[in-house]
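Below is one structure; the comments refer to it alone.
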Amino acid sequence: MSKFIVLRRVLTHLILVLTAAAVAGFAAIFIYLTPKLPDVDSLRDIRLQTPLRIYSSDNLLIGEFGEMKRTPLDFEDIPPLFIQAFLAAEDDRFYKHHGVDIGGLLRAASQLIMSGEIQTGGSTITMQVAKNYFLTQERTFSRKFNEIFLAIKIERALSKEEILELYLNKIFLGNHAYGIEAAAGVYYDKHVGELSLAQMAMIAGLPKAPSLYNPLANASRAKSRRDWILSRMLGLGYIDQQAYEEARKTEVSASYYGSKLQADAAYVSEMIRREMIRRYGPDAYTEGFRAFATIDSKLQNVANEAVIAGVMDYDNRHGYRGPEDHWPLKKNPQDLEHWRSELRRVGSVGRWEPALVLNVQEQAVDILLRDGSQTTLTWEDGLSSARPRLDENSLGKSPEKAADILKRGDLIRITAGKGQTWQLSQLPDVQASLVSMNAETGAIVSLVGGYDYGYSSFNRVTQANRQPGSNFKPFIYAAALENGATPATIINDAPIVFDDQQLESTWRPTNDSGKFYGPTRLRKALYNSRNLVSIRLLRSTGIAKTIDYVTRFGFRKSQLPRDLSLALGSLSATPLDVVNGYAVFANGGYRVKPYVLERIEDRDGNVLYQAEHPVVCQDCDEQTVTFPEEEIFVGDEPFFEEANNLEAILNAKPEIPEVQHPAAERIVEERVAYIMDSILKDVIRYGTGRRARKLGRTDLAGKTGTTNGPTDVWFSGYGAGIVTTTWVGFDDNKNLGRREYGGATALPIWMKYMETALKGVPERPAKQPPGIATVRIDPNSGKLAAPGQSNAIFEIFRVEEVPEADSVEVPAMSPGAGPGDNTLEEIF
């Protein structure tokens, strides 16, 4: 027997022994590790980490919170070409193997033997699913075996389509994008079905190294990886030559797209985010919850524009405060790249873009924008009107040349003008807020906590406690009416001095005009906002009795000073407090509960929470719904109900039936509510809110508010069931200026918003309740008018409070008549 034959037999036996040993070792490892492997059946019920998404009432995305951007897809929703791109890149034998590709594993094993390290995993898509869902990312020998055995178990338990669905929804693709739908949005602002072949191949190239082949970090390297995948797709017969060549010619078009919000409601989103965290803790960011707000996106957009217009109008009236900063600009042209980077660092605030003054001409300036472009502001682009601000009440001279206001190196702000032009501007120093709600349900339909959330996240609707001033007077008057006063009650508008121990010093209140008007009917005193009348009215009703009454509207006793300054609105209240109170006048006397979170759904659409709130039902039998003081929500956590246990919710997945909302409680006697509505309408017709007549509606009602300084200006009002409060002021309580009043500063914001909110909505006159009488009175005495009295006017009363005549025959009353049947609105 030759030595060759002997050697061959020895080698054969050796190979057989080694193979048997390998098989035995593999079997031993399999027997050892298999009991420790997780149950792959759990993959059928896997809960992918999905961010919290917040939607408006009309289903537009207004907020997204969570580190992992992910939108899971069903297999049938994934384009076949996209699947083929991933197969070409990661596992072209996917449909041929049973979870493990022996060739790939042998390559990985040879690398381990040669280098002592696992350099490439040799992983199939199934093995990557095993790793991504059950294992760590460490490169160890034991983990590789676990990966292999898990892949085999997965292939036995799931179909190929189920495995692909898990893989394509879980895979990390860079820039916080997990899954292909999220990547399509992050890189191309598209859904997967809208991607081109080149874009699909680009995304398919990311799993191998999301940072190395990221098109945002290295476009040329990402393109090379994309083109290699396209060539693989061509070689595998997934695409034809024409599609391949067209895709290769396509330039890299990826950009970073953050959360694509469809409406700007950042303050609302933050309120709901905080509530979701309060309910569910950190799981709120990963469990795929969908929270639906009560806001209407169209009204929200109008509210945003109204607030911005209001602060810009105020800012323009009070002059140019000068450049935002000054940078040491040199003449070296290469230095511009540095300043462009600095402009990008400064960034925009809302519509206000930063710009750097490069050169000052006679009546123009050349500026650098943060995108690197340069342009010129002409004299007509805001330079000529940039009168310097001296203080809140005065401006300096109009500039005669550009150098009067700007110099080279100034950092300024610009806003888009008409056409393609830019306008010189500045970040407004003043702030404003707006909150609007459905007066019959309490649903917040729009909320703006400041003119730009990115600039200041402080929510002035729910967090800013300010003095409402005369905006509070209607509550004082309602208390008086309920306690025996009438619209014709005569109160003297005359000087008064108080030496009250509850006040810090002697108090000499005056009217805004500085004048006194003598005996004044209650109706006229309110629509003209007479301070002295309000003080005497409060004293007549009684402070304790008034405070007890006012708490019905949602104000807390702790907010209300127990002295006569309460008549002038010296309490501290948020715009939310105030609008909630005005809703009672708007809905005929009922207390509703403001709320902004309508419902919460889990990732499968099961309703986990549905808001339950009192609703005004004019035709229902009145029920009592008690609002104890501890349920009056203010501050950072308004109008939310108690949180539930997350685990119990997710496991139970309750079926919540359609909510039967309780009937709202009546807190103001219906005839008093009707009379107050009539008086507040006169504020618009004849009083401090008469600018609003421009809207051309007869159902508008409301009240202005201006505090000392003035430091705060307000307007609260309603029409057709929508009640809205606007506020303007400085966060640090600086004076606004002596010509800034509620009717001049806050009312225009309210009008701009309500003009759109009420567009196409029919007028809704108040329904006159039983027990109201309309009679002619003497406007000077408030008593019944004498027969034939030429200056007599009509007034409305509760029938038991109709005034008597002074030794004259009492004319016939018409209990069924109302302002619409008489000339009341023409005479007042």
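The way I read the labels, and the way they are meant: chains A, B, ... in the order of the structure tokens, residue 1 as the first residue of every chain, and ligand 1 as the first ligand shown, with later ones counted on from there.
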Which neighbours of A:Asn175 fall inside 10 Å, counting only C-alpha atoms, when residues of the same chain fewer than 4 positions from it are skipped, and could you give them as a PyMOL selection string?
-> chain A and resi 67-69+182-183+186-187+210-211+214+216+256-258
Can you write just those residues out, N, CA, C and O atoms, as a PDB file, in the first residue's frame?
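Okay, selection-v3.pdb is ready:
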```pdb
ATOM      1  N   GLU A  67     -37.275  59.734  21.156  1.00  0.00           N
ATOM      2  CA  GLU A  67     -35.974  59.670  20.508  1.00  0.00           C
ATOM      3  C   GLU A  67     -36.039  58.878  19.208  1.00  0.00           C
ATOM      4  O   GLU A  67     -35.415  59.215  18.217  1.00  0.00           O
ATOM      5  N   MET A  68     -36.777  57.773  19.222  1.00  0.00           N
ATOM      6  CA  MET A  68     -36.841  56.898  18.056  1.00  0.00           C
ATOM      7  C   MET A  68     -37.992  57.307  17.155  1.00  0.00           C
ATOM      8  O   MET A  68     -39.156  57.197  17.533  1.00  0.00           O
ATOM      9  N   LYS A  69     -37.639  57.756  15.962  1.00  0.00           N
ATOM     10  CA  LYS A  69     -38.670  58.087  14.987  1.00  0.00           C
ATOM     11  C   LYS A  69     -39.042  56.794  14.268  1.00  0.00           C
ATOM     12  O   LYS A  69     -38.209  56.183  13.605  1.00  0.00           O
ATOM     13  N   ALA A 182     -39.877  55.674   8.653  1.00  0.00           N
ATOM     14  CA  ALA A 182     -39.254  56.805   9.335  1.00  0.00           C
ATOM     15  C   ALA A 182     -38.083  57.341   8.520  1.00  0.00           C
ATOM     16  O   ALA A 182     -37.905  58.559   8.405  1.00  0.00           O
ATOM     17  N   ALA A 183     -37.282  56.458   7.944  1.00  0.00           N
ATOM     18  CA  ALA A 183     -36.134  56.906   7.140  1.00  0.00           C
ATOM     19  C   ALA A 183     -36.592  57.669   5.908  1.00  0.00           C
ATOM     20  O   ALA A 183     -35.984  58.675   5.524  1.00  0.00           O
ATOM     21  N   VAL A 186     -37.405  61.095   7.219  1.00  0.00           N
ATOM     22  CA  VAL A 186     -36.254  61.852   7.719  1.00  0.00           C
ATOM     23  C   VAL A 186     -35.364  62.343   6.583  1.00  0.00           C
ATOM     24  O   VAL A 186     -34.894  63.484   6.592  1.00  0.00           O
ATOM     25  N   TYR A 187     -35.123  61.490   5.577  1.00  0.00           N
ATOM     26  CA  TYR A 187     -34.176  61.842   4.517  1.00  0.00           C
ATOM     27  C   TYR A 187     -34.828  62.489   3.292  1.00  0.00           C
ATOM     28  O   TYR A 187     -34.176  63.257   2.577  1.00  0.00           O
ATOM     29  N   PRO A 210     -24.771  52.883   9.393  1.00  0.00           N
ATOM     30  CA  PRO A 210     -25.631  54.075   9.272  1.00  0.00           C
ATOM     31  C   PRO A 210     -24.875  55.387   9.325  1.00  0.00           C
ATOM     32  O   PRO A 210     -25.347  56.377   8.763  1.00  0.00           O
ATOM     33  N   SER A 211     -23.730  55.430   9.973  1.00  0.00           N
ATOM     34  CA  SER A 211     -22.949  56.669  10.024  1.00  0.00           C
ATOM     35  C   SER A 211     -22.028  56.788   8.824  1.00  0.00           C
ATOM     36  O   SER A 211     -21.931  57.844   8.189  1.00  0.00           O
ATOM     37  N   ASN A 214     -24.039  57.411   5.539  1.00  0.00           N
ATOM     38  CA  ASN A 214     -25.148  58.356   5.679  1.00  0.00           C
ATOM     39  C   ASN A 214     -25.025  59.463   4.629  1.00  0.00           C
ATOM     40  O   ASN A 214     -23.992  60.130   4.544  1.00  0.00           O
ATOM     41  N   LEU A 216     -26.219  62.347   4.538  1.00  0.00           N
ATOM     42  CA  LEU A 216     -26.095  63.684   5.107  1.00  0.00           C
ATOM     43  C   LEU A 216     -24.685  63.940   5.608  1.00  0.00           C
ATOM     44  O   LEU A 216     -24.230  65.087   5.633  1.00  0.00           O
ATOM     45  N   TYR A 256     -32.067  66.625   5.708  1.00  0.00           N
ATOM     46  CA  TYR A 256     -32.647  66.236   6.992  1.00  0.00           C
ATOM     47  C   TYR A 256     -34.004  66.909   7.156  1.00  0.00           C
ATOM     48  O   TYR A 256     -34.130  68.121   7.056  1.00  0.00           O
ATOM     49  N   TYR A 257     -35.001  66.088   7.397  1.00  0.00           N
ATOM     50  CA  TYR A 257     -36.341  66.587   7.676  1.00  0.00           C
ATOM     51  C   TYR A 257     -36.729  66.115   9.069  1.00  0.00           C
ATOM     52  O   TYR A 257     -36.811  64.909   9.323  1.00  0.00           O
ATOM     53  N   GLY A 258     -36.912  67.065   9.956  1.00  0.00           N
ATOM     54  CA  GLY A 258     -37.343  66.708  11.302  1.00  0.00           C
ATOM     55  C   GLY A 258     -38.799  66.289  11.275  1.00  0.00           C
ATOM     56  O   GLY A 258     -39.356  65.954  10.236  1.00  0.00           O
TER      57      GLY A 258
END
```
Need to verify the contact set: stretch 344-349 of chain A, 9 Å, only C-alpha atoms, exclusion of same-chain residues closer than 4 positions in sequence. Can you return it as a short mmCIF file (atom, residue, chain, number, x, y, z; two decimals) with N, CA and C atoms, in the first residue's frame?
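Generated output (result_13.cif):
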```cif
data_model
loop_
_atom_site.label_atom_id
_atom_site.label_comp_id
_atom_site.auth_asym_id
_atom_site.auth_seq_id
_atom_site.Cartn_x
_atom_site.Cartn_y
_atom_site.Cartn_z
N TRP A 339 -18.74 84.36 9.53
CA TRP A 339 -19.93 85.07 10.00
C TRP A 339 -21.21 84.41 9.52
N ARG A 340 -21.14 83.72 8.38
CA ARG A 340 -22.30 82.95 7.95
C ARG A 340 -22.59 81.83 8.96
N GLU A 353 -35.52 86.65 10.72
CA GLU A 353 -34.25 86.08 10.30
C GLU A 353 -33.10 87.00 10.75
N PRO A 354 -31.94 86.40 11.15
CA PRO A 354 -30.78 87.23 11.48
C PRO A 354 -30.06 87.66 10.20
N LEU A 369 -26.99 87.12 4.75
CA LEU A 369 -27.99 86.26 5.34
C LEU A 369 -27.36 84.94 5.78
N ARG A 370 -28.05 84.18 6.59
CA ARG A 370 -27.44 82.97 7.14
C ARG A 370 -27.29 81.86 6.11
N ASP A 371 -27.95 81.96 4.96
CA ASP A 371 -27.73 80.97 3.90
C ASP A 371 -26.54 81.34 3.02
N ARG A 413 -32.29 92.02 12.61
CA ARG A 413 -33.33 91.06 12.23
C ARG A 413 -34.12 91.62 11.05
N LEU A 427 -36.76 91.64 17.00
CA LEU A 427 -37.55 90.72 17.81
C LEU A 427 -38.42 91.54 18.76
N ASP A 452 -43.79 83.13 19.92
CA ASP A 452 -42.97 82.07 19.34
C ASP A 452 -42.51 81.13 20.45
N GLY A 454 -40.38 78.63 20.29
CA GLY A 454 -38.94 78.40 20.27
C GLY A 454 -38.17 79.49 20.99
N TYR A 455 -38.70 80.70 20.96
CA TYR A 455 -38.05 81.83 21.61
C TYR A 455 -38.34 81.86 23.10
#
```
Which residues, written as number ranges by chain, have at least one atom at most 12 Å from A:Lys752, with only C-alpha atoms counted and residues fewer than 5 positions away on the same chain left out?
-> A: 299, 301-310, 434, 691-692, 694-695, 724, 726, 745-747, 757-759
Please write the residues from the selection above to a file, keeping C-alpha atoms, as a compact mmCIF listing (two decimals), in the first residue's frame.
```
# COMPACT_ATOMS: atom_id res chain seq x y z
CA LEU A 299 -58.34 78.43 13.99
CA ASN A 301 -53.17 79.08 12.50
CA VAL A 302 -55.35 82.20 12.57
CA ALA A 303 -54.64 82.64 16.28
CA ASN A 304 -50.89 82.42 15.65
CA GLU A 305 -51.09 85.07 12.94
CA ALA A 306 -53.28 87.33 15.06
CA VAL A 307 -50.85 87.25 17.99
CA ILE A 308 -47.82 87.90 15.77
CA ALA A 309 -49.60 90.77 14.01
CA GLY A 310 -50.53 92.24 17.37
CA LEU A 434 -54.75 84.13 23.01
CA ARG A 691 -63.80 99.03 17.31
CA ALA A 692 -65.25 95.53 16.98
CA LYS A 694 -66.08 96.71 12.14
CA LEU A 695 -66.81 92.95 12.11
CA THR A 724 -61.86 84.27 23.35
CA THR A 726 -56.42 88.08 24.40
CA THR A 745 -53.89 96.84 21.75
CA ALA A 746 -55.60 93.59 22.78
CA LEU A 747 -58.90 94.09 20.92
CA ALA A 757 -63.46 82.09 13.58
CA LEU A 758 -66.98 83.44 12.96
CA LYS A 759 -66.80 83.61 9.17
```
Output as a PyMOL selection string all residues of stretch 143-390 of chain A that backbone DSSP marks as alpha helix (DSSP H).
-> chain A and resi 143-157+160-170+180-188+197-204+219-235+241-249+266-280+297-317+335-346
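The two atoms in question, atom CA of A:Ser570 and atom CA of A:Arg466, are spaced 8.8 Å apart.
For A:Gly696, the set of protein, DNA and RNA residues having any atom at most 12 Å away, when counting only C-alpha atoms and skipping those fewer than 3 positions along the same chain, is Ile684, Arg685, Arg690, Arg691, Ala692, Arg693, Asp699, Leu700, Gly719, Met751, Met754, Glu755, Leu758, Lys759 and Glu763 of chain A.
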